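Colleague: This is model-v8.cif, which holds mmCIF, C-alpha atoms and all ligand atoms:
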```
data_entry
#
loop_
_atom_site.label_atom_id
_atom_site.label_comp_id
_atom_site.auth_asym_id
_atom_site.auth_seq_id
_atom_site.Cartn_x
_atom_site.Cartn_y
_atom_site.Cartn_z
CA MET A 1 1.48 100.90 -17.70
CA ASP A 2 2.50 101.90 -21.25
CA VAL A 3 1.77 105.58 -20.56
CA ILE A 4 3.78 105.79 -17.35
CA ALA A 5 6.70 103.73 -18.71
CA GLY A 6 6.76 105.93 -21.82
CA THR A 7 6.31 109.39 -20.24
CA ALA A 8 8.58 108.74 -17.27
CA PHE A 9 11.31 106.60 -18.81
CA GLY A 10 10.82 106.56 -22.56
CA VAL A 11 10.39 102.77 -22.37
CA GLU A 12 7.99 101.16 -24.82
CA THR A 13 6.24 98.33 -22.97
CA ASN A 14 3.13 97.40 -25.02
CA SER A 15 1.70 95.73 -21.92
CA GLN A 16 -1.58 94.84 -23.66
CA THR A 17 0.12 92.66 -26.27
CA GLN A 18 3.47 91.67 -24.71
CA ASP A 19 2.52 90.07 -21.43
CA ASN A 20 5.94 88.47 -20.99
CA ASP A 21 8.01 91.64 -21.15
CA PRO A 22 10.15 91.47 -17.93
CA PHE A 23 9.49 95.15 -17.19
CA VAL A 24 5.73 94.49 -17.30
CA THR A 25 5.76 91.19 -15.36
CA ASN A 26 8.04 92.52 -12.61
CA CYS A 27 6.01 95.68 -12.27
CA ARG A 28 2.74 93.72 -12.02
CA ALA A 29 4.18 91.26 -9.50
CA LEU A 30 5.58 94.03 -7.31
CA LEU A 31 2.31 95.95 -7.29
CA THR A 32 0.41 92.83 -6.29
CA LYS A 33 2.81 92.33 -3.38
CA LEU A 34 2.60 96.00 -2.43
CA ALA A 35 -1.17 95.81 -2.30
CA GLN A 36 -0.92 92.82 0.05
CA ALA A 37 1.82 94.23 2.26
CA SER A 38 -0.67 96.50 3.93
CA LYS A 39 -0.73 95.02 7.44
CA LEU A 40 3.00 95.49 7.90
CA GLN A 41 2.81 98.97 6.41
CA MET A 42 -0.10 99.90 8.67
CA PHE A 43 1.80 98.71 11.71
CA ALA A 44 4.91 100.66 10.70
CA THR A 45 2.75 103.74 10.05
CA LEU A 46 1.24 103.62 13.50
CA PHE A 47 4.53 102.75 15.17
CA PRO A 48 7.29 104.33 13.04
CA VAL A 49 9.75 103.39 15.76
CA ILE A 50 9.79 99.80 14.37
CA THR A 51 10.95 100.91 10.90
CA PRO A 52 14.70 100.47 11.61
CA LEU A 53 13.94 96.96 12.89
CA LEU A 54 12.06 96.06 9.69
CA ARG A 55 14.97 97.43 7.67
CA ALA A 56 17.45 95.37 9.68
CA PHE A 57 15.50 92.20 8.83
CA ASN A 58 15.04 93.27 5.22
CA LEU A 59 11.27 93.38 5.68
CA THR A 60 10.73 96.65 3.85
CA THR A 61 8.13 96.96 1.12
CA PHE A 62 10.80 97.20 -1.54
CA SER A 63 12.98 94.24 -0.59
CA ASP A 64 11.65 91.84 -3.25
CA PRO A 65 13.48 90.51 -6.32
CA GLU A 66 10.93 92.33 -8.51
CA ALA A 67 11.87 95.62 -6.87
CA ASP A 68 15.56 94.81 -7.43
CA PHE A 69 14.90 94.16 -11.11
CA LEU A 70 13.07 97.47 -11.56
CA VAL A 71 15.59 99.49 -9.54
CA ASN A 72 18.45 97.98 -11.56
CA SER A 73 16.59 98.75 -14.79
CA VAL A 74 16.26 102.39 -13.72
CA TYR A 75 20.00 102.48 -12.82
CA THR A 76 20.84 101.24 -16.32
CA MET A 77 18.53 103.81 -17.90
CA VAL A 78 20.08 106.65 -15.88
CA ASP A 79 23.59 105.55 -16.89
CA ASP A 80 22.55 105.24 -20.56
CA ARG A 81 21.05 108.71 -20.50
CA LYS A 82 24.22 110.19 -19.06
CA LYS A 83 26.22 108.64 -21.89
CA SER A 84 23.84 109.81 -24.63
CA THR A 85 24.75 112.97 -26.54
CA GLU A 86 22.81 116.25 -26.36
CA GLY A 87 21.18 115.70 -29.77
CA LYS A 88 19.59 112.44 -28.65
CA LYS A 89 18.01 113.92 -25.48
CA ARG A 90 14.49 112.82 -24.70
CA THR A 91 11.79 114.95 -23.10
CA ASP A 92 10.64 112.74 -20.25
CA LEU A 93 10.81 112.72 -16.48
CA LEU A 94 13.98 110.66 -16.27
CA GLN A 95 15.79 113.15 -18.50
CA LEU A 96 14.66 116.03 -16.25
CA LEU A 97 16.02 114.21 -13.21
CA VAL A 98 19.29 113.38 -14.96
CA ASP A 99 19.60 117.05 -16.01
CA VAL A 100 19.07 118.18 -12.41
CA GLU A 101 22.10 116.16 -11.41
CA HIS A 102 24.10 117.40 -14.39
CA ASN A 103 23.17 121.11 -14.05
CA ALA A 104 23.80 121.22 -10.32
CA SER A 105 27.23 119.65 -10.62
CA GLY A 106 28.78 122.39 -8.50
CA GLY A 107 27.74 120.44 -5.42
CA THR A 108 24.82 122.72 -4.54
CA ALA A 109 22.12 121.75 -2.06
CA ASN A 110 19.79 121.00 -4.99
CA GLN A 111 22.07 118.41 -6.54
CA MET A 112 20.61 114.89 -6.62
CA THR A 113 22.64 111.77 -6.14
CA ARG A 114 22.36 108.83 -8.54
CA GLU A 115 20.45 106.92 -5.82
CA GLU A 116 17.99 109.79 -5.37
CA ILE A 117 17.33 109.95 -9.10
CA VAL A 118 16.69 106.24 -9.26
CA GLY A 119 14.50 106.42 -6.13
CA GLN A 120 12.36 109.19 -7.63
CA GLY A 121 12.05 107.37 -10.94
CA PHE A 122 11.07 104.16 -9.20
CA ILE A 123 8.38 105.85 -7.07
CA VAL A 124 6.84 107.49 -10.14
CA LEU A 125 6.65 104.11 -11.82
CA ILE A 126 4.97 102.50 -8.82
CA ALA A 127 2.68 105.46 -8.04
CA GLY A 128 1.52 106.02 -11.60
CA PHE A 129 0.55 102.57 -12.79
CA ASP A 130 -2.14 100.85 -10.71
CA THR A 131 -3.74 104.06 -9.43
CA THR A 132 -4.83 105.09 -12.93
CA ALA A 133 -5.66 101.55 -14.06
CA ASN A 134 -7.82 100.99 -10.95
CA THR A 135 -9.71 104.23 -11.50
CA LEU A 136 -10.58 103.14 -15.04
CA HIS A 137 -11.66 99.78 -13.69
CA TYR A 138 -14.05 101.35 -11.15
CA LEU A 139 -15.26 103.92 -13.66
CA VAL A 140 -16.52 101.34 -16.15
CA TYR A 141 -18.01 99.37 -13.25
CA ASN A 142 -20.02 102.46 -12.25
CA LEU A 143 -21.11 102.95 -15.86
CA ALA A 144 -22.34 99.36 -16.04
CA LEU A 145 -24.42 99.89 -12.90
CA HIS A 146 -25.77 103.27 -14.00
CA GLN A 147 -26.83 103.04 -17.63
CA HIS A 148 -28.34 106.55 -17.66
CA VAL A 149 -24.94 107.97 -16.73
CA GLN A 150 -23.26 105.89 -19.43
CA GLN A 151 -25.77 107.12 -22.03
CA GLN A 152 -25.29 110.78 -21.06
CA LEU A 153 -21.52 110.36 -21.19
CA PHE A 154 -21.67 108.64 -24.58
CA GLN A 155 -23.89 111.45 -25.92
CA GLU A 156 -21.51 114.12 -24.64
CA ILE A 157 -18.57 112.43 -26.37
CA VAL A 158 -20.49 112.08 -29.67
CA ASP A 159 -21.84 115.67 -29.54
CA ASN A 160 -18.54 117.34 -28.64
CA LEU A 161 -15.91 115.21 -30.32
CA GLY A 162 -17.66 113.26 -33.07
CA ASP A 163 -15.00 110.86 -34.34
CA ALA A 164 -12.07 113.14 -33.49
CA ASP A 165 -9.16 111.77 -31.50
CA PRO A 166 -9.11 113.02 -27.90
CA THR A 167 -6.69 115.90 -27.34
CA TYR A 168 -5.69 118.01 -24.33
CA ASP A 169 -8.02 120.80 -25.55
CA ASN A 170 -11.07 118.85 -26.69
CA VAL A 171 -11.35 116.62 -23.57
CA ALA A 172 -11.49 119.82 -21.51
CA THR A 173 -14.90 120.49 -23.12
CA LEU A 174 -16.31 117.23 -21.72
CA LYS A 175 -17.74 118.57 -18.46
CA TYR A 176 -19.88 115.54 -17.69
CA LEU A 177 -16.87 113.23 -18.18
CA ASP A 178 -15.00 115.33 -15.61
CA CYS A 179 -17.88 114.81 -13.15
CA VAL A 180 -17.93 111.04 -13.79
CA VAL A 181 -14.17 110.79 -13.17
CA HIS A 182 -14.36 112.81 -9.93
CA GLU A 183 -17.36 110.87 -8.64
CA THR A 184 -15.54 107.58 -9.38
CA LEU A 185 -12.47 108.81 -7.50
CA ARG A 186 -14.67 109.92 -4.60
CA LEU A 187 -16.29 106.51 -4.15
CA PHE A 188 -13.21 104.49 -5.10
CA PRO A 189 -10.06 106.45 -4.22
CA PRO A 190 -7.18 104.18 -5.37
CA LEU A 191 -5.19 105.10 -2.25
CA PRO A 192 -7.73 104.86 0.59
CA LEU A 193 -5.28 106.02 3.26
CA ILE A 194 -2.35 108.42 3.27
CA ASN A 195 0.10 109.14 6.07
CA ARG A 196 1.80 112.07 7.68
CA ARG A 197 4.05 112.55 10.66
CA ALA A 198 2.97 115.32 13.07
CA LYS A 199 5.55 118.14 13.10
CA GLU A 200 4.25 119.52 16.37
CA ARG A 201 1.89 118.59 19.21
CA ARG A 202 -1.74 119.34 18.38
CA ILE A 203 -5.09 118.71 20.07
CA ILE A 204 -7.88 118.00 17.58
CA LYS A 205 -11.42 117.42 18.91
CA GLY A 206 -9.98 116.51 22.30
CA VAL A 207 -7.45 114.00 20.89
CA THR A 208 -3.82 114.81 21.55
CA ILE A 209 -1.43 114.11 18.70
CA PRO A 210 2.14 114.28 20.02
CA ALA A 211 4.94 115.68 17.86
CA GLY A 212 6.49 112.92 15.74
CA CYS A 213 3.36 110.76 15.86
CA GLY A 214 2.35 108.91 12.68
CA VAL A 215 -1.11 109.98 11.50
CA GLY A 216 -3.26 108.05 9.03
CA ILE A 217 -5.65 110.16 6.92
CA PRO A 218 -8.62 107.96 5.94
CA ILE A 219 -9.34 109.35 2.46
CA TYR A 220 -11.89 106.63 1.71
CA HIS A 221 -13.97 107.38 4.80
CA ILE A 222 -13.73 111.17 4.48
CA LEU A 223 -15.04 110.92 0.91
CA ARG A 224 -18.05 108.87 2.11
CA ASP A 225 -18.76 111.06 5.12
CA PRO A 226 -22.30 112.59 5.07
CA GLU A 227 -20.80 115.68 6.68
CA TYR A 228 -19.14 116.45 3.33
CA PHE A 229 -21.32 114.67 0.75
CA GLU A 230 -25.08 114.35 0.73
CA ASP A 231 -26.25 110.76 0.29
CA PRO A 232 -22.58 109.71 0.11
CA GLU A 233 -23.05 106.05 -0.90
CA THR A 234 -24.88 107.00 -4.10
CA PHE A 235 -22.97 107.34 -7.39
CA ASN A 236 -24.10 110.77 -8.52
CA PRO A 237 -21.65 112.54 -10.90
CA VAL A 238 -23.78 115.70 -10.97
CA ARG A 239 -22.58 116.58 -7.47
CA PHE A 240 -19.33 117.68 -9.19
CA SER A 241 -20.99 119.86 -11.84
CA GLY A 242 -20.76 123.68 -11.93
CA GLU A 243 -22.58 125.24 -9.00
CA ASN A 244 -22.88 121.94 -7.10
CA ARG A 245 -19.10 121.64 -7.08
CA ALA A 246 -18.78 125.20 -5.82
CA LYS A 247 -20.76 124.17 -2.72
CA LEU A 248 -18.38 121.31 -1.86
CA ASP A 249 -15.49 121.71 0.55
CA PRO A 250 -12.59 122.34 -1.93
CA LEU A 251 -10.32 120.12 0.16
CA THR A 252 -12.51 117.10 -0.57
CA VAL A 253 -12.65 117.60 -4.36
CA GLU A 254 -8.97 116.79 -4.90
CA LEU A 255 -8.54 114.61 -1.81
CA PRO A 256 -8.25 111.34 -3.82
CA PHE A 257 -4.86 112.80 -4.86
CA GLY A 258 -3.87 113.78 -1.32
CA TYR A 259 -3.34 117.27 -0.02
CA GLY A 260 -0.65 119.89 0.56
CA PRO A 261 2.96 119.91 -0.63
CA ARG A 262 3.02 116.12 -0.98
CA GLN A 263 -0.10 115.99 -3.12
CA CYS A 264 0.14 113.65 -6.10
CA ILE A 265 2.60 115.01 -8.66
CA GLY A 266 0.90 113.01 -11.41
CA MET A 267 -2.64 114.34 -10.84
CA ARG A 268 -3.00 116.23 -14.13
CA LEU A 269 -1.38 113.47 -16.16
CA ALA A 270 -3.64 110.88 -14.51
CA LEU A 271 -6.83 112.87 -15.17
CA LEU A 272 -5.85 113.35 -18.81
CA GLU A 273 -4.89 109.69 -19.24
CA ILE A 274 -8.18 108.52 -17.74
CA LYS A 275 -10.24 110.89 -19.91
CA PHE A 276 -8.42 109.87 -23.11
CA ALA A 277 -9.02 106.21 -22.32
CA VAL A 278 -12.71 106.73 -21.48
CA VAL A 279 -13.34 108.63 -24.72
CA ARG A 280 -11.67 105.95 -26.81
CA VAL A 281 -13.38 103.03 -25.09
CA CYS A 282 -16.87 104.40 -24.37
CA ARG A 283 -17.54 105.56 -27.90
CA ARG A 284 -16.97 101.98 -29.13
CA PHE A 285 -18.25 99.79 -26.29
CA GLN A 286 -21.11 99.66 -23.83
CA PHE A 287 -20.53 98.23 -20.35
CA LEU A 288 -23.30 96.13 -18.85
CA LYS A 289 -23.92 94.15 -15.68
CA CYS A 290 -23.70 90.39 -15.89
CA GLU A 291 -24.59 87.69 -13.38
CA HIS A 292 -21.11 87.97 -11.78
CA THR A 293 -21.18 91.75 -11.35
CA PRO A 294 -21.41 92.67 -7.66
CA ASP A 295 -23.93 95.34 -6.59
CA LYS A 296 -21.47 96.46 -3.95
CA VAL A 297 -17.68 96.14 -3.95
CA ASP A 298 -16.05 94.46 -1.00
CA PHE A 299 -12.42 95.54 -0.54
CA THR A 300 -9.41 93.69 0.82
CA ALA A 301 -7.56 95.33 3.71
CA ALA A 302 -4.86 96.57 1.35
CA SER A 303 -2.95 99.79 0.74
CA LEU A 304 -4.49 100.00 -2.75
CA ALA A 305 -8.29 99.84 -3.06
CA THR A 306 -8.37 96.24 -4.30
CA PRO A 307 -11.68 94.37 -4.70
CA ARG A 308 -11.89 91.10 -2.74
CA LYS A 309 -13.29 89.36 -5.83
CA PRO A 310 -12.59 90.41 -9.45
CA ILE A 311 -15.28 92.69 -10.84
CA LYS A 312 -16.70 91.11 -13.99
CA LEU A 313 -18.75 93.03 -16.55
CA LEU A 314 -20.31 92.40 -19.93
CA VAL A 315 -18.73 94.44 -22.72
CA GLN A 316 -20.72 94.95 -25.89
CA PRO A 317 -19.56 96.70 -29.07
CA ARG A 318 -21.74 99.70 -29.95
CA LYS A 319 -23.51 99.60 -33.27
CA ALA A 320 -22.09 102.02 -35.86
CA THR A 321 -24.44 105.01 -36.22
C1 LIG A 401 -5.95 108.30 -10.49
C2 LIG A 401 -4.66 108.32 -10.41
C3 LIG A 401 -3.86 108.68 -9.18
C4 LIG A 401 -4.28 108.85 -7.89
C5 LIG A 401 -5.69 108.74 -7.32
C6 LIG A 401 -3.10 109.20 -7.12
C7 LIG A 401 -3.12 109.45 -5.75
C8 LIG A 401 -2.01 109.80 -5.03
C9 LIG A 401 -2.01 110.07 -3.61
C10 LIG A 401 -3.23 109.99 -2.70
C11 LIG A 401 -0.76 110.39 -3.26
C12 LIG A 401 -0.27 110.78 -1.85
C13 LIG A 401 -0.46 112.27 -1.69
C14 LIG A 401 -0.32 112.79 -0.29
O1 LIG A 401 0.29 112.12 0.57
O2 LIG A 401 -0.83 113.91 -0.03
C15 LIG A 401 0.06 110.33 -4.45
C16 LIG A 401 1.42 110.60 -4.49
C17 LIG A 401 2.19 110.51 -5.61
N1 LIG A 401 1.77 110.20 -6.88
FE1 LIG A 401 -0.13 109.80 -7.44
N2 LIG A 401 -2.02 109.23 -7.95
C18 LIG A 401 -2.43 108.93 -9.22
C19 LIG A 401 -1.65 108.89 -10.36
C20 LIG A 401 -0.32 109.18 -10.42
C21 LIG A 401 0.47 109.20 -11.63
C22 LIG A 401 -0.04 108.96 -13.05
C23 LIG A 401 1.76 109.47 -11.25
C24 LIG A 401 3.00 109.60 -12.09
C25 LIG A 401 3.22 110.53 -12.94
C26 LIG A 401 1.76 109.65 -9.81
C27 LIG A 401 2.87 109.94 -9.07
C28 LIG A 401 2.85 110.20 -7.72
C29 LIG A 401 4.04 110.54 -6.95
C30 LIG A 401 5.47 110.64 -7.49
C31 LIG A 401 3.62 110.75 -5.65
C32 LIG A 401 4.46 111.22 -4.48
C33 LIG A 401 5.02 110.15 -3.66
C34 LIG A 401 5.67 110.79 -2.45
O3 LIG A 401 5.77 112.00 -2.32
O4 LIG A 401 6.07 110.00 -1.62
N3 LIG A 401 0.48 109.45 -9.35
N4 LIG A 401 -0.72 109.97 -5.51
#
```
Can the structure in the file be given as structure tokens, please?
Modeller:
Amino acid sequence: MDVIAGTAFGVETNSQTQDNDPFVTNCRALLTKLAQASKLQMFATLFPVITPLLRAFNLTTFSDPEADFLVNSVYTMVDDRKKSTEGKKRTDLLQLLVDVEHNASGGTANQMTREEIVGQGFIVLIAGFDTTANTLHYLVYNLALHQHVQQQLFQEIVDNLGDADPTYDNVATLKYLDCVVHETLRLFPPLPLINRRAKERRIIKGVTIPAGCGVGIPIYHILRDPEYFEDPETFNPVRFSGENRAKLDPLTVELPFGYGPRQCIGMRLALLEIKFAVVRVCRRFQFLKCEHTPDKVDFTAASLATPRKPIKLLVQPRKAT
């Protein structure tokens, strides 16, 4: 939350310590609702023709007071940025968007309206928060269940970084960490399903997809398909190492972030964020199973991969060496 609010909007949220910050509480509440709104979304995905009807009855995903609060906050930020002088310019996403509007003021096709800027900013906020947090959640769960993986990861961090702070360059040397992150995303993709609309009629394996038809792409199931991954239900980070990775279908390696021109814009930021957090946490704590830790995660039928019951773990400080 703090990373996305800071990098996208320059807002300091301190979500770990200031639970009552309205930005944090509204964001959390909206994401919880979004995760639950899946049945309506699924229906609208399969039958896009009903979308105008949902809009007419104000039944869209973003018609909640929490969404209003966040959208209005982004409007205020955009207006503040426009008023601020050159010298005070920030280097974040919102500033880039505001500059696009400013620089294209000749009315070119690339010019963005105020609404478009706010819409883009809002989507980044929503898309960048729970996805990364959920991945970290599932990653430490996997470590708790697979102590040998946790030990190898810990050793890699100690051997390569010692006590040094994680940086863009030094986390790139942590090859095993990269495998652990990718294997976590394979088994627990935060967005289990993405959507497209068919541009033209196509027949795939005997199934006709008419032009304009909504198509759901089941990321979760593709990433657990034995056609693409041997022994797919097993958590095995080594499948993403060096020559093993080269044998995988390249499409599946980045699939947790989608595919094609609409692929996740925050992929590199997310991977870096996750790796920084893992280095900081895993060198100080060990994650263990406890009596409430499930052996298998049962998901809700939601748009975000949400566990039906909270996943509880035992966290133990590591002894200083
Ligand atoms: C582990 C973390 C993340 C995962 C797994 C993830 C996954 C995805 C997926 C599957 C999509 C849809 C892609 C498609 O349709 O092909 C997407 C879109 C997007 N993501 Fe991420 N994402 C993550 C983190 C982030 C972060 C940190 C940001 C913000 C910087 C972000 C911003 C976006 C945006 C703006 C879109 C595009 C929305 C659109 O075009 O409608 N994501 N992401």
Colleague: Do you know which residues are within 7 Å of ligand LIG 401 (chain A) using all atoms listed in the file? Can you write them as number ranges by chain?
Modeller: A: 4, 123-125, 127-129, 131-132, 135, 185, 189-191, 194-195, 256-260, 262-267, 269-271
Colleague: Using all atoms listed in the file, which protein or nucleic acid residues come within 7 Å of segment 220-234 of chain A? Drop anything in the same chain fewer than 6 positions from it, and give the result as an NGL selection string.
Modeller: :A and (186-187 or 189 or 192-193 or 249 or 252)
Colleague: Taking C-alpha atoms for each residue, export the selection above as a compact mmCIF listing (two decimals), keeping the file's coordinate frame.
Modeller:
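This went into again_0.txt:
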```txt
# COMPACT_ATOMS: atom_id res chain seq x y z
CA ARG A 186 -14.67 109.92 -4.60
CA LEU A 187 -16.29 106.51 -4.15
CA PRO A 189 -10.06 106.45 -4.22
CA PRO A 192 -7.73 104.86 0.59
CA LEU A 193 -5.28 106.02 3.26
CA ASP A 249 -15.49 121.71 0.55
CA THR A 252 -12.51 117.10 -0.57
```
Colleague: For Arg283 of chain A, which residue among A:Asn160, A:Thr91, A:Thr306, A:Gln18 is the nearest when counting all atoms listed in the file?
Modeller: A:Asn160
Colleague: Which of these residues is nearest to Val215 of chain A, using only C-alpha atoms: A:Phe188, A:Arg196, A:Leu174, A:Ile203?
Modeller: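 Residue with the minimum atom-to-atom distance to Val215 of chain A: A:Arg196.
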Colleague: Might you pull out every residue within 12 Å of Arg245 of chain A, with all atoms listed in the file counted and same-chain residues fewer than 3 positions away left off, and present them as an MDAnalysis selection string?
Modeller: chainID A and resid 175 178:179 182:183 228:229 237:242 248:254
Colleague: Could you write out as JSON the box around segment 186-199 of chain A (axis-aligned, all atoms listed in the file, 3 Å on each side), with centre and edge lengths in Å to one decimal?
Modeller:
```
{"center_x": -5.4, "center_y": 111.2, "center_z": 3.9, "size_x": 27.8, "size_y": 20.0, "size_z": 24.5}
```
Colleague: Take the point (15.4, 102.7, -13.9) as written in the file and pick out every residue within 12 Å of it, counting only C-alpha atoms; give the list as an mmCIF file with C-alpha atoms, in the coordinates of the input.
Modeller:
```
data_model
loop_
_atom_site.group_PDB
_atom_site.id
_atom_site.type_symbol
_atom_site.label_atom_id
_atom_site.label_comp_id
_atom_site.auth_asym_id
_atom_site.auth_seq_id
_atom_site.Cartn_x
_atom_site.Cartn_y
_atom_site.Cartn_z
ATOM 1 C CA ALA A 5 6.700 103.730 -18.710
ATOM 2 C CA ALA A 8 8.580 108.740 -17.270
ATOM 3 C CA PHE A 9 11.310 106.600 -18.810
ATOM 4 C CA GLY A 10 10.820 106.560 -22.560
ATOM 5 C CA VAL A 11 10.390 102.770 -22.370
ATOM 6 C CA PHE A 23 9.490 95.150 -17.190
ATOM 7 C CA CYS A 27 6.010 95.680 -12.270
ATOM 8 C CA ALA A 67 11.870 95.620 -6.870
ATOM 9 C CA ASP A 68 15.560 94.810 -7.430
ATOM 10 C CA PHE A 69 14.900 94.160 -11.110
ATOM 11 C CA LEU A 70 13.070 97.470 -11.560
ATOM 12 C CA VAL A 71 15.590 99.490 -9.540
ATOM 13 C CA ASN A 72 18.450 97.980 -11.560
ATOM 14 C CA SER A 73 16.590 98.750 -14.790
ATOM 15 C CA VAL A 74 16.260 102.390 -13.720
ATOM 16 C CA TYR A 75 20.000 102.480 -12.820
ATOM 17 C CA THR A 76 20.840 101.240 -16.320
ATOM 18 C CA MET A 77 18.530 103.810 -17.900
ATOM 19 C CA VAL A 78 20.080 106.650 -15.880
ATOM 20 C CA ASP A 79 23.590 105.550 -16.890
ATOM 21 C CA ASP A 80 22.550 105.240 -20.560
ATOM 22 C CA ARG A 81 21.050 108.710 -20.500
ATOM 23 C CA LEU A 93 10.810 112.720 -16.480
ATOM 24 C CA LEU A 94 13.980 110.660 -16.270
ATOM 25 C CA GLN A 95 15.790 113.150 -18.500
ATOM 26 C CA LEU A 97 16.020 114.210 -13.210
ATOM 27 C CA VAL A 98 19.290 113.380 -14.960
ATOM 28 C CA ARG A 114 22.360 108.830 -8.540
ATOM 29 C CA GLU A 115 20.450 106.920 -5.820
ATOM 30 C CA GLU A 116 17.990 109.790 -5.370
ATOM 31 C CA ILE A 117 17.330 109.950 -9.100
ATOM 32 C CA VAL A 118 16.690 106.240 -9.260
ATOM 33 C CA GLY A 119 14.500 106.420 -6.130
ATOM 34 C CA GLN A 120 12.360 109.190 -7.630
ATOM 35 C CA GLY A 121 12.050 107.370 -10.940
ATOM 36 C CA PHE A 122 11.070 104.160 -9.200
ATOM 37 C CA ILE A 123 8.380 105.850 -7.070
ATOM 38 C CA VAL A 124 6.840 107.490 -10.140
ATOM 39 C CA LEU A 125 6.650 104.110 -11.820
ATOM 40 C CA ILE A 126 4.970 102.500 -8.820
#
```
Colleague: Which value, in Å to one decimal, gives the distance between atom CA of Arg308 of chain A and atom CA of Met1 of chain A?
Modeller: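 The value is 22.3 Å.
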Colleague: Can you tell me how far atom CA of Leu288 of chain A sits from atom CA of Tyr138 of chain A, in Å to one decimal?
Modeller: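 These atoms are spaced 13.1 Å apart.
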Colleague: Which is closer to Glu66 of chain A than all the others in A:Ala44, A:Val24, A:Leu177, A:Val49, using all atoms listed in the file?
Modeller: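 Of the candidates, the smallest distance to Glu66 of chain A is held by A:Val24.
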Colleague: Between atom CA of Ser15 of chain A and atom CA of Ile157 of chain A, what is the distance in Å, rounded to a tenth?
Modeller: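 We find that atom CA of Ser15 of chain A and atom CA of Ile157 of chain A lie 26.6 Å from each other.
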Colleague: So, with only C-alpha atoms as the atoms that count, which of A:Leu96, A:Val3, A:Leu34, A:Leu153 lies closest to Val279 of chain A?
Modeller: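 For Val279 of chain A, the nearest of the given residues is A:Leu153.
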